[in-house]
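A.B. asks: Have a peek at run.cif (mmCIF, C-alpha atoms).
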```cif
data_structure
loop_
_atom_site.label_atom_id
_atom_site.label_comp_id
_atom_site.auth_asym_id
_atom_site.auth_seq_id
_atom_site.Cartn_x
_atom_site.Cartn_y
_atom_site.Cartn_z
CA MET A 1 3.28 21.53 1.50
CA ASN A 2 5.30 21.87 -1.68
CA ILE A 3 4.51 19.91 -4.84
CA PHE A 4 6.72 19.50 -7.90
CA THR A 5 5.47 21.32 -10.97
CA ASP A 6 5.36 19.49 -14.31
CA SER A 7 8.78 20.89 -15.18
CA GLY A 8 9.98 19.98 -11.68
CA LEU A 9 8.88 16.36 -12.18
CA ALA A 10 10.59 16.31 -15.57
CA GLY A 11 13.75 17.64 -13.94
CA LEU A 12 13.53 15.00 -11.20
CA ASN A 13 13.23 12.24 -13.78
CA LEU A 14 16.26 13.55 -15.64
CA LEU A 15 18.20 13.73 -12.37
CA ILE A 16 17.25 10.21 -11.33
CA ASN A 17 18.20 8.76 -14.71
CA LYS A 18 21.82 9.78 -14.18
CA ASP A 19 24.08 6.92 -13.12
CA GLU A 20 25.76 9.07 -10.46
CA THR A 21 22.36 9.86 -8.90
CA ILE A 22 21.38 6.20 -8.85
CA SER A 23 24.72 5.33 -7.26
CA GLN A 24 24.08 7.95 -4.58
CA LEU A 25 20.64 6.50 -3.84
CA ILE A 26 22.07 2.97 -3.74
CA GLU A 27 24.54 4.21 -1.11
CA GLY A 28 21.56 5.46 0.91
CA THR A 29 22.46 9.12 0.49
CA LYS A 30 19.75 11.71 -0.11
CA ILE A 31 19.86 13.62 -3.38
CA ASN A 32 19.45 17.39 -3.69
CA VAL A 33 16.18 18.20 -5.47
CA ASP A 34 16.32 21.99 -4.99
CA SER A 35 16.81 22.43 -8.74
CA CYS A 36 13.47 20.69 -9.40
CA GLU A 37 10.79 23.38 -9.38
CA SER A 38 8.05 23.06 -6.76
CA ILE A 39 5.21 25.26 -5.56
CA SER A 40 3.19 25.52 -2.38
CA VAL A 41 -0.39 24.25 -2.79
CA PRO A 42 -2.77 26.23 -0.53
CA ASN A 43 -5.54 23.60 -0.28
CA LEU A 44 -3.14 20.99 1.13
CA PRO A 45 -1.77 20.91 4.69
CA GLN A 46 1.10 23.39 4.99
CA ASN A 47 3.12 21.70 7.72
CA PRO A 48 5.54 19.10 6.27
CA PHE A 49 4.57 15.51 7.03
CA LYS A 50 7.34 13.26 8.29
CA LEU A 51 6.95 9.51 8.12
CA ARG A 52 8.31 7.39 10.95
CA ILE A 53 11.61 5.82 9.96
CA PRO A 54 11.61 1.99 10.07
CA GLU A 55 13.59 0.22 12.74
CA LYS A 56 15.20 -3.21 12.65
CA ASP A 57 12.14 -5.04 13.97
CA ASP A 58 9.31 -2.82 12.70
CA PHE A 59 8.53 -1.00 9.44
CA PHE A 60 5.71 0.99 11.14
CA ASP A 61 3.63 0.65 7.97
CA SER A 62 0.24 0.70 9.66
CA ASP A 63 1.28 3.52 12.04
CA ASN A 64 2.51 5.60 9.11
CA ALA A 65 -0.58 4.80 7.03
CA ILE A 66 -2.94 5.88 9.79
CA ALA A 67 -0.97 9.05 10.53
CA LEU A 68 -0.81 9.94 6.82
CA HIS A 69 -4.55 9.32 6.36
CA LYS A 70 -5.32 11.61 9.29
CA TYR A 71 -2.88 14.23 7.95
CA PHE A 72 -4.75 14.25 4.63
CA LYS A 73 -8.16 14.07 6.30
CA ASN A 74 -9.84 16.06 3.51
CA LEU A 75 -7.97 14.51 0.59
CA SER A 76 -10.26 13.30 -2.19
CA PRO A 77 -9.50 10.13 -4.17
CA ARG A 78 -9.29 12.29 -7.29
CA VAL A 79 -6.43 14.35 -5.86
CA ALA A 80 -4.89 11.18 -4.41
CA CYS A 81 -4.57 9.88 -7.98
CA ARG A 82 -2.03 12.60 -8.80
CA PRO A 83 1.49 11.11 -8.98
CA ASP A 84 3.09 14.50 -8.28
CA LEU A 85 1.58 14.49 -4.76
CA TRP A 86 3.24 11.26 -3.66
CA VAL A 87 6.52 11.74 -5.51
CA SER A 88 6.83 15.20 -3.96
CA LEU A 89 6.02 13.94 -0.47
CA GLY A 90 8.75 11.35 -0.90
CA PHE A 91 11.56 13.35 -2.46
CA ILE A 92 10.96 16.74 -0.83
CA ASP A 93 10.07 15.72 2.72
CA ASN A 94 10.75 12.00 3.22
CA GLN A 95 13.83 10.85 1.34
CA GLU A 96 15.25 9.31 4.48
CA TYR A 97 12.10 7.19 4.72
CA LEU A 98 12.35 6.11 1.06
CA LEU A 99 15.97 5.08 1.45
CA SER A 100 15.32 3.24 4.69
CA ARG A 101 12.02 1.48 3.98
CA TRP A 102 12.85 0.59 0.37
CA ALA A 103 16.64 0.50 0.39
CA LEU A 104 18.40 -0.28 -2.88
CA ASP A 105 20.64 -3.35 -2.95
CA SER A 106 24.21 -2.53 -3.93
CA LYS A 107 24.85 -6.20 -4.72
CA LYS A 108 22.27 -6.26 -7.51
CA PRO A 109 22.73 -4.85 -11.05
CA ILE A 110 21.98 -1.15 -11.50
CA ASP A 111 18.96 -2.06 -13.65
CA ALA A 112 17.38 -3.65 -10.57
CA ALA A 113 17.85 -0.37 -8.69
CA LYS A 114 16.26 1.54 -11.57
CA ARG A 115 13.23 -0.75 -11.52
CA LYS A 116 12.83 -0.34 -7.78
CA ILE A 117 13.15 3.44 -8.05
CA ASN A 118 10.43 3.51 -10.72
CA ASP A 119 8.27 1.16 -8.67
CA ARG A 120 8.70 2.45 -5.13
CA TYR A 121 10.08 6.00 -5.35
CA LEU A 122 8.21 7.14 -8.44
CA LEU A 123 4.88 5.89 -9.79
CA ASN A 124 5.86 3.99 -12.89
CA GLY A 125 5.36 0.43 -11.68
CA LYS A 126 2.69 -2.06 -12.71
CA TYR A 127 0.54 -1.60 -9.61
CA GLY A 128 1.02 2.16 -9.28
CA TYR A 129 -0.55 3.59 -6.17
CA PHE A 130 -0.33 0.38 -4.16
CA ARG A 131 3.40 0.06 -4.89
CA ASN A 132 4.73 3.59 -4.44
CA ALA A 133 6.38 3.88 -1.03
CA ILE A 134 4.01 6.56 0.25
CA SER A 135 0.82 6.39 -1.80
CA ARG A 136 0.43 2.71 -0.79
CA LEU A 137 0.13 3.86 2.81
CA TRP A 138 -2.63 6.39 2.19
CA TRP A 139 -4.57 4.27 -0.30
CA THR A 140 -4.54 1.21 1.96
CA ALA A 141 -5.81 3.33 4.85
CA HIS A 142 -8.42 4.94 2.60
CA MET A 143 -9.67 1.55 1.41
CA THR A 144 -9.86 0.08 4.93
CA PHE A 145 -10.89 3.03 7.12
CA ASP A 146 -14.33 2.48 8.65
CA GLU A 147 -15.97 5.80 9.43
CA THR A 148 -18.86 4.03 11.18
CA LYS A 149 -16.53 2.86 13.98
CA ASP A 150 -15.18 4.84 16.92
CA ASP A 151 -11.63 6.19 16.89
CA LYS A 152 -10.25 3.07 18.53
CA SER A 153 -11.68 0.68 15.94
CA ALA A 154 -11.86 2.78 12.77
CA TYR A 155 -8.45 1.60 11.57
CA GLU A 156 -8.53 -2.03 12.71
CA LEU A 157 -8.75 -3.25 9.10
CA THR A 158 -5.84 -0.99 8.16
CA LYS A 159 -3.71 -2.67 10.78
CA LEU A 160 -4.76 -6.09 9.52
CA ALA A 161 -3.96 -5.18 5.91
CA PHE A 162 -0.35 -4.41 6.83
CA GLU A 163 0.17 -7.60 8.85
CA LEU A 164 0.67 -9.59 5.65
CA GLN A 165 1.43 -8.21 2.21
CA GLU A 166 -0.78 -10.96 0.78
CA TYR A 167 -3.92 -9.26 2.10
CA GLN A 168 -3.18 -6.23 -0.07
CA PHE A 169 -1.93 -8.19 -3.06
CA GLN A 170 -4.88 -10.58 -3.18
CA PHE A 171 -7.74 -8.29 -2.21
CA MET A 172 -6.73 -4.78 -3.31
CA LEU A 173 -4.85 -5.37 -6.54
CA ARG A 174 -7.61 -7.35 -8.22
CA LYS A 175 -10.44 -5.73 -10.15
CA TYR A 176 -12.99 -6.23 -7.38
CA GLY A 177 -10.51 -4.72 -4.93
CA SER A 178 -11.06 -1.25 -6.39
CA SER A 179 -14.25 -1.13 -4.32
CA ALA A 180 -13.56 -0.05 -0.74
CA ASP A 181 -16.84 -1.63 0.42
CA VAL A 182 -15.91 -5.03 -1.04
CA CYS A 183 -12.39 -4.77 0.33
CA ARG A 184 -13.66 -4.04 3.83
CA ARG A 185 -16.16 -6.92 3.73
CA ILE A 186 -13.45 -9.40 2.82
CA LEU A 187 -10.97 -8.08 5.36
CA ARG A 188 -13.61 -8.03 8.10
CA HIS A 189 -14.12 -11.73 7.50
CA PHE A 190 -10.42 -12.39 7.92
CA LEU A 191 -10.23 -10.14 10.97
CA ASN A 192 -13.00 -12.15 12.62
CA HIS A 193 -11.70 -15.59 11.57
CA LYS A 194 -7.93 -15.12 11.33
CA SER A 195 -7.11 -17.03 14.51
CA GLU A 196 -9.41 -19.88 13.53
CA TYR A 197 -7.90 -20.17 10.03
CA GLN A 198 -4.35 -19.97 11.31
CA GLN A 199 -5.08 -22.72 13.83
CA ARG A 200 -6.67 -24.89 11.14
CA ALA A 201 -3.66 -24.29 8.91
CA ASN A 202 -1.30 -25.50 11.64
CA LEU A 203 -3.41 -28.56 12.40
CA THR A 204 -3.63 -29.61 8.75
CA HIS A 205 -0.09 -28.61 7.77
CA ASN A 206 -1.49 -26.15 5.26
CA SER A 207 -0.30 -22.61 4.67
CA TYR A 208 -2.42 -19.69 5.86
CA ILE A 209 -0.88 -17.52 3.13
CA ASP A 210 -1.77 -20.11 0.51
CA PHE A 211 -5.34 -19.97 1.78
CA ILE A 212 -5.40 -16.18 1.33
CA LYS A 213 -4.11 -16.66 -2.23
CA LEU A 214 -6.80 -19.24 -2.93
CA VAL A 215 -9.57 -16.95 -1.66
CA GLY A 216 -8.22 -14.12 -3.80
CA LYS A 217 -8.34 -16.31 -6.91
CA ARG A 218 -11.77 -17.76 -6.12
CA LEU A 219 -13.24 -14.32 -5.48
CA ASN A 220 -11.77 -13.18 -8.77
CA LEU A 221 -13.72 -15.94 -10.54
CA TYR A 222 -16.81 -15.20 -8.46
CA SER A 223 -16.61 -11.51 -9.41
CA SER A 224 -16.71 -12.40 -13.11
CA VAL A 225 -20.25 -13.70 -12.54
CA TYR A 226 -21.52 -11.46 -9.73
CA LEU A 227 -20.92 -7.78 -9.02
CA LEU A 228 -19.43 -8.05 -5.53
CA ASP A 229 -20.61 -4.54 -4.59
CA LEU A 230 -24.14 -5.93 -4.68
CA VAL A 231 -23.36 -9.15 -2.81
CA VAL A 232 -24.35 -8.87 0.85
CA GLU A 233 -21.64 -9.40 3.42
CA SER A 234 -23.17 -12.62 4.75
CA LYS A 235 -22.88 -14.17 1.27
CA ILE A 236 -19.19 -13.25 1.08
CA ASN A 237 -18.69 -14.71 4.55
CA ASP A 238 -20.39 -17.95 3.50
CA PHE A 239 -18.31 -18.11 0.32
CA ILE A 240 -14.98 -17.73 2.17
CA SER A 241 -16.06 -20.16 4.92
CA HIS A 242 -16.92 -22.75 2.27
CA GLU A 243 -13.50 -22.31 0.68
CA ALA A 244 -11.92 -22.74 4.11
CA ASP A 245 -13.77 -26.03 4.69
CA SER A 246 -12.46 -27.30 1.34
CA PHE A 247 -8.92 -26.07 1.84
CA PHE A 248 -8.26 -27.05 5.43
CA ILE A 249 -8.68 -30.78 5.02
CA GLN A 250 -7.20 -32.86 7.82
CA LYS A 251 -4.21 -34.76 6.47
#
```
For the structure just supplied, provide its representation as structure tokens.
C.D. replies:
Amino acid sequence: MNIFTDSGLAGLNLLINKDETISQLIEGTKINVDSCESISVPNLPQNPFKLRIPEKDDFFDSDNAIALHKYFKNLSPRVACRPDLWVSLGFIDNQEYLLSRWALDSKKPIDAAKRKINDRYLLNGKYGYFRNAISRLWWTAHMTFDETKDDKSAYELTKLAFELQEYQFQFMLRKYGSSADVCRRILRHFLNHKSEYQQRANLTHNSYIDFIKLVGKRLNLYSSVYLLDLVVESKINDFISHEADSFFIQK
């Protein structure tokens, strides 16, 4: 696959900063990036990867994440931290996906479009790799893939993570969420108890999403005292269960 060079990335940024380019992207029209220098990288897959385009009733986030993770089966986290990889994959091979999954709103001020371009199309946003349109897919799959499971179950946590954005926001964007082991322990608990918690939420007129937010905050406090990497999974399960008993009080 082709990757933008440093000068190519600089050229792309100059191109995107033009009002006419932004207007074109807002209209949902692909821009020509042929003038932005790119080179073929031999240690990356050579066949272009095409993401599945969202449809009205499905973004296909988990499907795309799993396919992308398998495509980059030998990708190291170090290489995955290179912005040029994800920006190139978006603008060279998957502009249609960018413009469909993260469409720009023509009714909002142009500054809003610029912020979204920096956040979702490039890698200049606050949460970086978990906000960029494409890197978020690979990194979520990387953090949730369980190599100890068979092919059918290895990505079950990946699928869960894309069911609600709050799973990613609360458990992957906090300091303790940088550990894949901790992330998987937390998500496994929710995978095993999701139906129970959702039922309890309905019975008590509480919000399941609010419960996820609470657990994220409580674990953040807990992690300031204990290194969660060293906390056994049963302790994390007990901690979340205790929070559930406090939160889901019958009204």
A.B. asks: Could you state which residues are captured by the PyMOL selection byres ((chain A and resi 110) around 12) in this file, as an NGL selection string?
C.D. replies: :A and (17-27 or 104-109 or 111-117)
A.B. asks: Have a look at atom CA of A:Gly28 and atom CA of A:Leu15 and let me know their distance in Å, one decimal.
C.D. replies: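 Answer for the atom CA of A:Gly28 to atom CA of A:Leu15 separation: 16.0 Å.
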A.B. asks: Could you give me, as a compact mmCIF listing (two decimals) with C-alpha atoms, keeping the file's coordinate frame, the residues within 8 Å of A:Phe145, counting all atoms listed in the file and dropping anything in the same chain fewer than 6 positions from it?
C.D. replies:
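The resulting part_19.txt:
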```txt
# COMPACT_ATOMS: atom_id res chain seq x y z
CA ALA A 154 -11.86 2.78 12.77
CA TYR A 155 -8.45 1.60 11.57
CA GLU A 156 -8.53 -2.03 12.71
CA LEU A 157 -8.75 -3.25 9.10
CA THR A 158 -5.84 -0.99 8.16
```
A.B. asks: Taking a cut-off of 12 Å and counting all atoms listed in the file, can you build a table that, for each residue of stretch 89-164 of chain A near stretch 72-75 of chain A, reports the nearest atom pair and how far apart they are in Å (one decimal), sorted by chain then residue number, as a Markdown table?
C.D. replies:
```
| residue | atom | partner | partner_atom | distance |
| --- | --- | --- | --- | --- |
| A:Leu89 | CA | A:Phe72 | CA | 11.9 |
| A:Ser135 | CA | A:Phe72 | CA | 11.6 |
| A:Leu137 | CA | A:Phe72 | CA | 11.6 |
| A:Trp138 | CA | A:Phe72 | CA | 8.5 |
| A:Trp139 | CA | A:Leu75 | CA | 10.8 |
| A:Ala141 | CA | A:Phe72 | CA | 11.0 |
| A:His142 | CA | A:Leu75 | CA | 9.8 |
| A:Phe145 | CA | A:Lys73 | CA | 11.4 |
| A:Glu147 | CA | A:Lys73 | CA | 11.8 |
```
A.B. asks: Please, what distance in Å, to one decimal, runs between atom CA of A:Asn192 and atom CA of A:Ile236?
C.D. replies: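 Rounded to one decimal, the two atoms are 13.1 Å apart.
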A.B. asks: Given only C-alpha atoms as the basis, pick out the residue of A:Tyr97, A:Trp86, A:Trp102, A:Tyr71 nearest to A:Asn2.
C.D. replies: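 Smallest distance to A:Asn2 is found for A:Trp86.
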A.B. asks: Which value, in Å to one decimal, gives the distance between atom CA of A:Arg184 and atom CA of A:Val79?
C.D. replies: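 Those two atoms sit 22.0 Å apart.
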A.B. asks: Convert the output of the PyMOL selection byres ((chain A and resi 37) around 6) on the shown file into explicit residues, formatted as an mmCIF file with C-alpha atoms, in the coordinates of the input.
C.D. replies:
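Produced file expr.cif, reproduced below:
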```cif
data_model
loop_
_atom_site.group_PDB
_atom_site.id
_atom_site.type_symbol
_atom_site.label_atom_id
_atom_site.label_comp_id
_atom_site.auth_asym_id
_atom_site.auth_seq_id
_atom_site.Cartn_x
_atom_site.Cartn_y
_atom_site.Cartn_z
ATOM 1 C CA PHE A 4 6.720 19.500 -7.900
ATOM 2 C CA THR A 5 5.470 21.320 -10.970
ATOM 3 C CA GLY A 8 9.980 19.980 -11.680
ATOM 4 C CA CYS A 36 13.470 20.690 -9.400
ATOM 5 C CA SER A 38 8.050 23.060 -6.760
#
```
A.B. asks: Applying 9 Å and only C-alpha atoms, which residues near A:Ala161 remain after dropping the ones on its own chain fewer than 6 positions away? List them as number ranges by chain.
C.D. replies: A: 62, 140-141, 144, 167-168, 187
A.B. asks: As a check of understanding, name the residues that the PyMOL selection byres ((chain A and resi 197) around 12) selects in the supplied structure, as a PyMOL selection string.
C.D. replies: chain A and resi 189-196+198-212+240-241+243-245+247-249
A.B. asks: Could you check the closest approach to A:Lys175 for each of A:Val215, A:Asn220, A:Asn132, A:Ile3 and tell me which residue wins, using all atoms listed in the file?
C.D. replies: A:Asn220
A.B. asks: Counting only C-alpha atoms, which residue out of A:Phe60, A:Leu214, A:Phe169, A:Tyr176 sits closest to A:Tyr226?
C.D. replies: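 Among the listed residues, A:Tyr176 lies closest to A:Tyr226.
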A.B. asks: Go through A:Ser246, A:Tyr121, A:Ser88, A:Pro77 and flag the residue nearest A:Ser178, using all atoms listed in the file for the distances.
C.D. replies: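 Closest candidate: A:Pro77.
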A.B. asks: Might I get the box with edges along x, y and z of the file that holds all atoms of stretch 4-17 of chain A listed there, padded by 4 Å on every side, given as centre and edge lengths in Å to one decimal, as JSON?
C.D. replies:
```
{"center_x": 11.8, "center_y": 15.0, "center_z": -11.8, "size_x": 20.8, "size_y": 20.6, "size_z": 15.7}
```
A.B. asks: With all atoms listed in the file as the counted atoms, please give the residues lying no more than 9 Å from A:Gln170, apart from itself and same-chain residues fewer than 4 positions off, as a list in words.
C.D. replies: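 Using all atoms listed in the file, the neighbours found are Gln165, Glu166, Arg174, Gly177, Ile212, Lys213, Leu214, Val215, Gly216 and Lys217 of chain A.
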